[in-house]
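Only one structure is covered here, and it is reproduced in the block below.
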Amino acid sequence: MAPYESDDTTTAGATREPGAGRRRAARYIVPVTVMGVAAATIGLVPAIANSGAPDLPEITAAQLIEKMAESDTERLSGTVKITTDLGLPDLGGLESSLASGALGRGEGGSSADPTAKLTELASGTHTLRVAVDGPDRQKVSLLENAAEYSLIHNGKDVWGYDSASNEVYHGTVDESAEGTRGEDREKQPPAMPKDFAEEALKAVDDTTSVTVDGTAQVAGRDAYKLVVKPKQSGSTVGAISIAVDHETGTPLKFTLTPTSGGAAVVDVGFTKVSFDRPAASTFDFTPPKGAKVTEEGALEDGKKGEEPTGRPEGAPKSEEDLSEGPGGLKVLGEGWNSVATFDTGAEGGLPTGSEGGDLGGFLGSLGDRVKGEFGTGTVFSTRLVNALFTEDGKVYVGAVTKDALVKAADEAK
């Protein structure tokens, strides 16, 4: 089947009415390092396997986006495979410990706490078993060699269970609020492919090319392939592909490839899927006998409602805090070349030279020293997201090239 082309202007217009009333599927903000957090802000997206191209009716990109927006799928179950290759150095598991400490878990925290456990999805290949029954019931299980980690949202309760340590985390969400508040999103299971697609399509504007590039079979179902590409130079995003189920309009699989080429940066998609309603018992959970149960917000001494141990006093906890703090978060540029920047208030930059001792040598081996009208700094790179730390304490982060970061810092001077 020949690829279907679309008028970019028409497509962009169609995406400005994304069906907000249907964005009730649970989301989970995966906490990772600065690089990973920045990657999460543009949406983790995945790869399309062309195993047999089904013959489907022709459709334009605008029509396919509308089909996705009108999809009312709220019940499904299946198996999802996720492979992430950001090109980060192997830190031997240190990244998970760093993320846990940055999030204030510290010693005495629970291995079942989802904010630390699911950082494992930021690298390597993982298999997830998922189930969704509307906005109030979701479950995702991370399958490991000899253990399993499950995160369950059932009504007001959120449970995390790590079978390896026999530890349980328990939290709650605000059922009375319209939609899901930011602090509650962090306690719910990871987003389904539909949520990834919606996040990716938010970037569609007149800086974007959107086409339908034939068809594919994903998890035994016929699907169209929607391809999103930046028109601008300077972005590290090469292309985003979204496999959309022909019958339901549900995104089944995604792929994000970088401009540098090679394997997909993130490959996420169903290998098995059913749109039947999962059994109610799927979302039942009772802590196993002898399991250590940690309540949300509890400290080692059992107190609640205090700042978690391990978080520096006054450290920002969210994008809102960053934007309201000193030197608040700002976005420079537009479209795919957008760069987020904020002022840490710490002059001298990172200790990446000999003056930083062993730590400086280690950080220096990971980054590249750069100069510009802004002064000097260090760029830390992945295959998708780059971050520039300047000597005067400013940070510039984006899915853009090193040269684009330097240019943004120069223009902001």
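Just remember, in the structure tokens the first chain shown is A, the second B, etc., residues are 1-based per chain, and ligands are 1-based in the order shown.
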Contacts of segment 290-296 of chain A at 6 Å or less, counting only C-alpha atoms, minus same-chain residues fewer than 3 places along, as a compact mmCIF listing (two decimals) with C-alpha atoms, in the first residue's frame?
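selection-v4.txt written:
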```txt
# COMPACT_ATOMS: atom_id res chain seq x y z
CA ASN A 166 8.07 -8.67 50.37
CA GLU A 167 7.52 -4.94 50.88
CA VAL A 168 4.31 -3.01 50.26
CA TYR A 169 3.71 0.69 49.59
CA HIS A 170 0.24 2.17 50.16
CA GLY A 171 -1.02 5.58 49.05
```
(request) Show which residues sit within 9 Å of Val244 of chain A, as a list in words. Count only C-alpha atoms, and ignore same-chain residues fewer than 2 positions away. (result) Leu64, Lys67, Met68, Asp222, Ala223, Tyr224, Lys225, Leu226, Ile242, His246, Glu247, Thr248, Gly249, Thr250, Pro251, Leu252 and Lys253 of chain A
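Across the structure, atom CA of Pro135 of chain A and atom CA of Gly155 of chain A are spaced 8.7 Å apart.
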(request) Can you work out which one of A:Ser381, A:Ala346, A:Arg221, A:Ser71 has the shortest atom-to-atom distance to Leu86 of chain A, counting only C-alpha atoms? (result)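 With only C-alpha atoms as the atom set, the closest residue is A:Ser381.
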(request) Could you tell me which of A:Ala147, A:Leu384, A:Ala62, A:Ala243 comes closest to Val266 of chain A if we count only C-alpha atoms? (result)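 Answer, going by the shortest atom-to-atom distance: A:Leu384.
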(message) Which residue is closest to Asn337 of chain A? Choose from A:Val237, A:Ala263, A:Val268, A:Val379 and count only C-alpha atoms.
(response) A:Val237
(request) Could you tell me how far atom CA of Phe275 of chain A lies from atom CA of Gln138 of chain A, in Å and to one decimal? (result) 13.8 Å
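One finds atom CA of Asp85 of chain A at 8.7 Å from atom CA of Asp267 of chain A.
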Residues near Thr401 of chain A, anyone? I mean within 9 Å using only C-alpha atoms, not counting same-chain ones fewer than 4 positions away, as a compact mmCIF listing (two decimals) with all heavy atoms, in the first residue's frame.
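File selection.txt, as written:
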```txt
# COMPACT_ATOMS: atom_id res chain seq x y z
N GLY A 234 18.11 21.08 14.13
CA GLY A 234 18.57 21.33 15.50
C GLY A 234 17.93 20.41 16.52
O GLY A 234 18.42 20.31 17.65
N SER A 235 16.84 19.72 16.16
CA SER A 235 16.22 18.79 17.09
C SER A 235 16.92 17.44 17.03
O SER A 235 17.42 17.02 15.98
CB SER A 235 14.74 18.60 16.75
OG SER A 235 14.16 17.58 17.54
N THR A 236 16.99 16.74 18.16
CA THR A 236 17.55 15.39 18.18
C THR A 236 16.50 14.34 17.83
O THR A 236 16.81 13.16 17.70
CB THR A 236 18.12 15.07 19.58
OG1 THR A 236 17.10 15.28 20.56
CG2 THR A 236 19.32 15.93 19.90
N SER A 381 25.20 14.66 27.44
CA SER A 381 24.39 14.26 26.30
C SER A 381 23.85 12.84 26.41
O SER A 381 24.50 11.95 26.98
CB SER A 381 25.22 14.34 25.01
OG SER A 381 25.69 15.66 24.80
N LEU A 384 19.00 11.49 22.94
CA LEU A 384 17.79 12.27 22.72
C LEU A 384 17.82 13.62 23.43
O LEU A 384 17.53 14.66 22.83
CB LEU A 384 16.57 11.48 23.20
CG LEU A 384 15.21 12.15 22.99
CD1 LEU A 384 14.92 12.29 21.50
CD2 LEU A 384 14.11 11.33 23.66
N VAL A 385 18.15 13.63 24.71
CA VAL A 385 18.08 14.85 25.51
C VAL A 385 19.48 15.30 25.91
O VAL A 385 20.30 14.49 26.35
CB VAL A 385 17.23 14.61 26.77
CG1 VAL A 385 17.16 15.87 27.62
CG2 VAL A 385 15.83 14.14 26.39
N ASN A 386 19.75 16.59 25.75
CA ASN A 386 21.03 17.17 26.14
C ASN A 386 20.81 18.26 27.18
O ASN A 386 19.77 18.92 27.18
CB ASN A 386 21.75 17.76 24.92
CG ASN A 386 22.14 16.70 23.91
OD1 ASN A 386 22.54 15.61 24.29
ND2 ASN A 386 22.02 17.01 22.63
N LEU A 405 21.85 24.07 22.03
CA LEU A 405 21.87 24.49 23.44
C LEU A 405 22.78 25.70 23.63
O LEU A 405 22.42 26.66 24.33
CB LEU A 405 22.37 23.35 24.33
CG LEU A 405 21.38 22.24 24.70
CD1 LEU A 405 22.08 21.22 25.59
CD2 LEU A 405 20.16 22.80 25.39
N VAL A 406 23.95 25.66 23.01
CA VAL A 406 24.89 26.79 23.11
C VAL A 406 24.25 28.04 22.52
O VAL A 406 24.34 29.15 23.08
CB VAL A 406 26.21 26.46 22.41
CG1 VAL A 406 27.11 27.70 22.33
CG2 VAL A 406 26.93 25.33 23.15
```
Listing only residues of segment 139-177 of chain A within 12 Å of segment 279-284 of chain A, what is the closest atom pair and its distance in Å (to one decimal) for each, using only C-alpha atoms, sorted by chain and residue number ascending, as JSON lines?
```
{"residue": "A:Lys139", "atom": "CA", "partner": "A:Phe283", "partner_atom": "CA", "distance": 6.5}
{"residue": "A:Val140", "atom": "CA", "partner": "A:Phe283", "partner_atom": "CA", "distance": 9.9}
{"residue": "A:Ser141", "atom": "CA", "partner": "A:Thr282", "partner_atom": "CA", "distance": 11.3}
{"residue": "A:Ser150", "atom": "CA", "partner": "A:Phe283", "partner_atom": "CA", "distance": 10.4}
{"residue": "A:Leu151", "atom": "CA", "partner": "A:Phe283", "partner_atom": "CA", "distance": 9.7}
{"residue": "A:Ile152", "atom": "CA", "partner": "A:Phe283", "partner_atom": "CA", "distance": 6.4}
{"residue": "A:His153", "atom": "CA", "partner": "A:Phe283", "partner_atom": "CA", "distance": 7.2}
{"residue": "A:Asn154", "atom": "CA", "partner": "A:Phe283", "partner_atom": "CA", "distance": 6.0}
{"residue": "A:Gly155", "atom": "CA", "partner": "A:Phe283", "partner_atom": "CA", "distance": 9.5}
{"residue": "A:Asp157", "atom": "CA", "partner": "A:Asp284", "partner_atom": "CA", "distance": 10.3}
{"residue": "A:Val158", "atom": "CA", "partner": "A:Phe283", "partner_atom": "CA", "distance": 10.1}
{"residue": "A:Trp159", "atom": "CA", "partner": "A:Asp284", "partner_atom": "CA", "distance": 9.8}
{"residue": "A:Gly160", "atom": "CA", "partner": "A:Phe283", "partner_atom": "CA", "distance": 11.8}
```
Residues of the last selection are to be written out with all heavy atoms, as a CSV table (one decimal), in the first residue's frame.
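New file part09.csv:
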```
chain,number,residue,atom,x,y,z
A,139,LYS,N,-3.7,-1.6,36.6
A,139,LYS,CA,-2.6,-2.4,37.2
A,139,LYS,C,-1.5,-2.6,36.2
A,139,LYS,O,-1.8,-2.8,35.0
A,139,LYS,CB,-3.2,-3.7,37.6
A,139,LYS,CG,-2.1,-4.6,38.3
A,139,LYS,CD,-2.7,-6.0,38.7
A,139,LYS,CE,-1.6,-6.9,39.3
A,139,LYS,NZ,-2.2,-8.2,39.8
A,140,VAL,N,-0.3,-2.4,36.7
A,140,VAL,CA,0.9,-2.8,35.8
A,140,VAL,C,1.8,-3.6,36.7
A,140,VAL,O,2.1,-3.3,37.8
A,140,VAL,CB,1.5,-1.5,35.3
A,140,VAL,CG1,2.0,-0.6,36.4
A,140,VAL,CG2,2.7,-1.8,34.4
A,141,SER,N,2.3,-4.6,36.1
A,141,SER,CA,3.3,-5.5,36.8
A,141,SER,C,4.6,-5.5,35.9
A,141,SER,O,4.6,-5.8,34.7
A,141,SER,CB,2.8,-6.9,36.9
A,141,SER,OG,1.6,-6.9,37.8
A,150,SER,N,4.4,-5.0,41.3
A,150,SER,CA,3.1,-4.6,40.8
A,150,SER,C,2.7,-3.3,41.4
A,150,SER,O,2.9,-3.0,42.6
A,150,SER,CB,2.0,-5.7,41.2
A,150,SER,OG,2.3,-6.9,40.5
A,151,LEU,N,2.1,-2.5,40.6
A,151,LEU,CA,1.5,-1.2,41.0
A,151,LEU,C,0.0,-1.2,40.6
A,151,LEU,O,-0.3,-1.4,39.5
A,151,LEU,CB,2.2,0.0,40.3
A,151,LEU,CG,1.8,1.4,40.7
A,151,LEU,CD1,2.1,1.6,42.1
A,151,LEU,CD2,2.6,2.4,39.8
A,152,ILE,N,-0.8,-1.1,41.6
A,152,ILE,CA,-2.3,-1.2,41.4
A,152,ILE,C,-3.0,0.0,41.9
A,152,ILE,O,-2.8,0.5,43.0
A,152,ILE,CB,-2.8,-2.4,42.2
A,152,ILE,CG1,-2.1,-3.7,41.8
A,152,ILE,CG2,-4.3,-2.6,42.0
A,152,ILE,CD1,-1.4,-4.4,43.0
A,153,HIS,N,-3.9,0.6,41.1
A,153,HIS,CA,-4.7,1.7,41.4
A,153,HIS,C,-6.2,1.1,41.4
A,153,HIS,O,-6.6,0.7,40.4
A,153,HIS,CB,-4.6,2.8,40.4
A,153,HIS,CG,-5.6,3.9,40.6
A,153,HIS,ND1,-6.2,4.6,39.5
A,153,HIS,CD2,-6.3,4.4,41.7
A,153,HIS,CE1,-7.1,5.4,40.0
A,153,HIS,NE2,-7.2,5.3,41.3
A,154,ASN,N,-6.8,1.1,42.5
A,154,ASN,CA,-8.2,0.6,42.7
A,154,ASN,C,-9.0,1.6,43.5
A,154,ASN,O,-8.9,1.6,44.7
A,154,ASN,CB,-8.2,-0.8,43.3
A,154,ASN,CG,-9.5,-1.5,43.2
A,154,ASN,OD1,-10.5,-0.9,42.7
A,154,ASN,ND2,-9.6,-2.7,43.6
A,155,GLY,N,-9.8,2.4,42.8
A,155,GLY,CA,-10.5,3.4,43.5
A,155,GLY,C,-9.6,4.5,44.2
A,155,GLY,O,-8.8,5.1,43.5
A,157,ASP,N,-7.3,3.8,46.4
A,157,ASP,CA,-6.1,3.2,46.9
A,157,ASP,C,-5.1,3.0,45.8
A,157,ASP,O,-5.5,2.6,44.7
A,157,ASP,CB,-6.4,1.8,47.6
A,157,ASP,CG,-7.2,2.0,48.9
A,157,ASP,OD1,-6.7,2.7,49.8
A,157,ASP,OD2,-8.3,1.4,49.0
A,158,VAL,N,-3.8,3.2,46.1
A,158,VAL,CA,-2.7,2.8,45.3
A,158,VAL,C,-1.8,1.9,46.0
A,158,VAL,O,-1.3,2.3,47.1
A,158,VAL,CB,-2.0,4.1,44.8
A,158,VAL,CG1,-0.7,3.7,44.0
A,158,VAL,CG2,-2.8,4.9,43.9
A,159,TRP,N,-1.5,0.7,45.5
A,159,TRP,CA,-0.7,-0.2,46.2
A,159,TRP,C,0.6,-0.5,45.3
A,159,TRP,O,0.4,-0.7,44.1
A,159,TRP,CB,-1.4,-1.6,46.4
A,159,TRP,CG,-2.6,-1.5,47.3
A,159,TRP,CD1,-3.9,-1.4,47.0
A,159,TRP,CD2,-2.5,-1.6,48.7
A,159,TRP,NE1,-4.7,-1.3,48.1
A,159,TRP,CE2,-3.9,-1.5,49.2
A,159,TRP,CE3,-1.5,-1.7,49.7
A,159,TRP,CZ2,-4.2,-1.5,50.5
A,159,TRP,CZ3,-1.9,-1.8,51.0
A,159,TRP,CH2,-3.2,-1.7,51.4
A,160,GLY,N,1.7,-0.6,45.9
A,160,GLY,CA,2.9,-1.1,45.2
A,160,GLY,C,3.4,-2.3,46.0
A,160,GLY,O,3.5,-2.3,47.2
```
(message) Considering only C-alpha atoms, can you say which of A:Leu201, A:Ala112, A:Ala122, A:Ala239 comes closest to Asp162 of chain A?
(response) A:Ala112
(message) Ranking A:Pro114, A:Pro278, A:Ala264, A:Asp205 by minimum distance to Trp336 of chain A and counting only C-alpha atoms, which one comes first?
(response) A:Asp205
(message) Counting only C-alpha atoms, which residue out of A:Ala404, A:Val218, A:Ile240, A:Leu143 sits closest to Val204 of chain A?
(response)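 Residue with the minimum atom-to-atom distance to Val204 of chain A: A:Ile240.
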(request) Based on DSSP run over this structure's backbone, return all residues of segment 230-278 of chain A in strand (DSSP E or B), as a list in words. (result)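 Listing strand (DSSP E or B) positions across segment 230-278 of chain A yields Pro230, Ser235, Val237, Gly238, Ala239, Ile240, Ser241, Ile242, Ala243, Val244, Asp245, Pro251, Leu252, Lys253, Phe254, Thr255, Leu256, Thr257, Pro258, Val266, Asp267, Val268, Gly269, Phe270, Thr271, Lys272, Val273 and Ser274 of chain A.
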(request) Pick out the residues sitting within 10 Å of Ala409 of chain A, and hand them over as a ChimeraX atom specification; count only C-alpha atoms, and ignore anything fewer than 6 positions along from it in its own chain. (result) /A:332,339,341,372-375,388-390,394-396,403
Create the file for the chosen residues now, containing N, CA, C and O atoms and written as a PDB file, in the first residue's frame.
```pdb
ATOM      1  N   LEU A 332      12.631  28.583  26.106  1.00  0.00           N
ATOM      2  CA  LEU A 332      13.173  29.390  25.021  1.00  0.00           C
ATOM      3  C   LEU A 332      12.897  28.700  23.695  1.00  0.00           C
ATOM      4  O   LEU A 332      12.886  27.468  23.609  1.00  0.00           O
ATOM      5  N   VAL A 339      13.774  24.881  24.436  1.00  0.00           N
ATOM      6  CA  VAL A 339      14.777  24.579  25.453  1.00  0.00           C
ATOM      7  C   VAL A 339      14.283  25.116  26.798  1.00  0.00           C
ATOM      8  O   VAL A 339      13.907  26.288  26.904  1.00  0.00           O
ATOM      9  N   THR A 341      14.998  26.272  30.613  1.00  0.00           N
ATOM     10  CA  THR A 341      16.137  26.802  31.341  1.00  0.00           C
ATOM     11  C   THR A 341      15.717  27.318  32.701  1.00  0.00           C
ATOM     12  O   THR A 341      14.585  27.789  32.882  1.00  0.00           O
ATOM     13  N   GLY A 372      30.949  29.900  24.703  1.00  0.00           N
ATOM     14  CA  GLY A 372      30.119  30.729  23.855  1.00  0.00           C
ATOM     15  C   GLY A 372      30.040  32.124  24.423  1.00  0.00           C
ATOM     16  O   GLY A 372      30.767  32.458  25.378  1.00  0.00           O
ATOM     17  N   GLU A 373      29.160  32.938  23.884  1.00  0.00           N
ATOM     18  CA  GLU A 373      28.980  34.285  24.408  1.00  0.00           C
ATOM     19  C   GLU A 373      28.475  34.248  25.846  1.00  0.00           C
ATOM     20  O   GLU A 373      28.670  35.190  26.611  1.00  0.00           O
ATOM     21  N   PHE A 374      27.814  33.146  26.235  1.00  0.00           N
ATOM     22  CA  PHE A 374      27.301  33.009  27.599  1.00  0.00           C
ATOM     23  C   PHE A 374      28.411  32.770  28.605  1.00  0.00           C
ATOM     24  O   PHE A 374      28.234  32.954  29.810  1.00  0.00           O
ATOM     25  N   GLY A 375      29.576  32.311  28.133  1.00  0.00           N
ATOM     26  CA  GLY A 375      30.685  31.958  29.012  1.00  0.00           C
ATOM     27  C   GLY A 375      31.123  30.531  28.740  1.00  0.00           C
ATOM     28  O   GLY A 375      31.251  30.128  27.589  1.00  0.00           O
ATOM     29  N   LEU A 388      22.901  21.526  29.257  1.00  0.00           N
ATOM     30  CA  LEU A 388      24.061  22.402  29.411  1.00  0.00           C
ATOM     31  C   LEU A 388      24.039  23.041  30.795  1.00  0.00           C
ATOM     32  O   LEU A 388      23.061  23.682  31.169  1.00  0.00           O
ATOM     33  N   PHE A 389      25.119  22.833  31.560  1.00  0.00           N
ATOM     34  CA  PHE A 389      25.287  23.456  32.872  1.00  0.00           C
ATOM     35  C   PHE A 389      26.369  24.519  32.736  1.00  0.00           C
ATOM     36  O   PHE A 389      27.522  24.200  32.428  1.00  0.00           O
ATOM     37  N   THR A 390      26.005  25.796  32.934  1.00  0.00           N
ATOM     38  CA  THR A 390      26.963  26.884  32.748  1.00  0.00           C
ATOM     39  C   THR A 390      27.690  27.200  34.046  1.00  0.00           C
ATOM     40  O   THR A 390      27.256  26.827  35.135  1.00  0.00           O
ATOM     41  N   LYS A 394      23.447  28.341  35.547  1.00  0.00           N
ATOM     42  CA  LYS A 394      22.220  28.150  34.766  1.00  0.00           C
ATOM     43  C   LYS A 394      22.212  26.768  34.102  1.00  0.00           C
ATOM     44  O   LYS A 394      23.270  26.202  33.810  1.00  0.00           O
ATOM     45  N   VAL A 395      21.016  26.259  33.861  1.00  0.00           N
ATOM     46  CA  VAL A 395      20.848  24.953  33.220  1.00  0.00           C
ATOM     47  C   VAL A 395      19.937  25.116  32.001  1.00  0.00           C
ATOM     48  O   VAL A 395      18.902  25.779  32.080  1.00  0.00           O
ATOM     49  N   TYR A 396      20.334  24.521  30.880  1.00  0.00           N
ATOM     50  CA  TYR A 396      19.542  24.516  29.652  1.00  0.00           C
ATOM     51  C   TYR A 396      19.342  23.059  29.232  1.00  0.00           C
ATOM     52  O   TYR A 396      20.315  22.319  29.074  1.00  0.00           O
ATOM     53  N   ASP A 403      24.954  22.132  19.781  1.00  0.00           N
ATOM     54  CA  ASP A 403      25.075  23.467  19.190  1.00  0.00           C
ATOM     55  C   ASP A 403      23.824  24.301  19.448  1.00  0.00           C
ATOM     56  O   ASP A 403      23.909  25.512  19.680  1.00  0.00           O
TER      57      ASP A 403
END
```
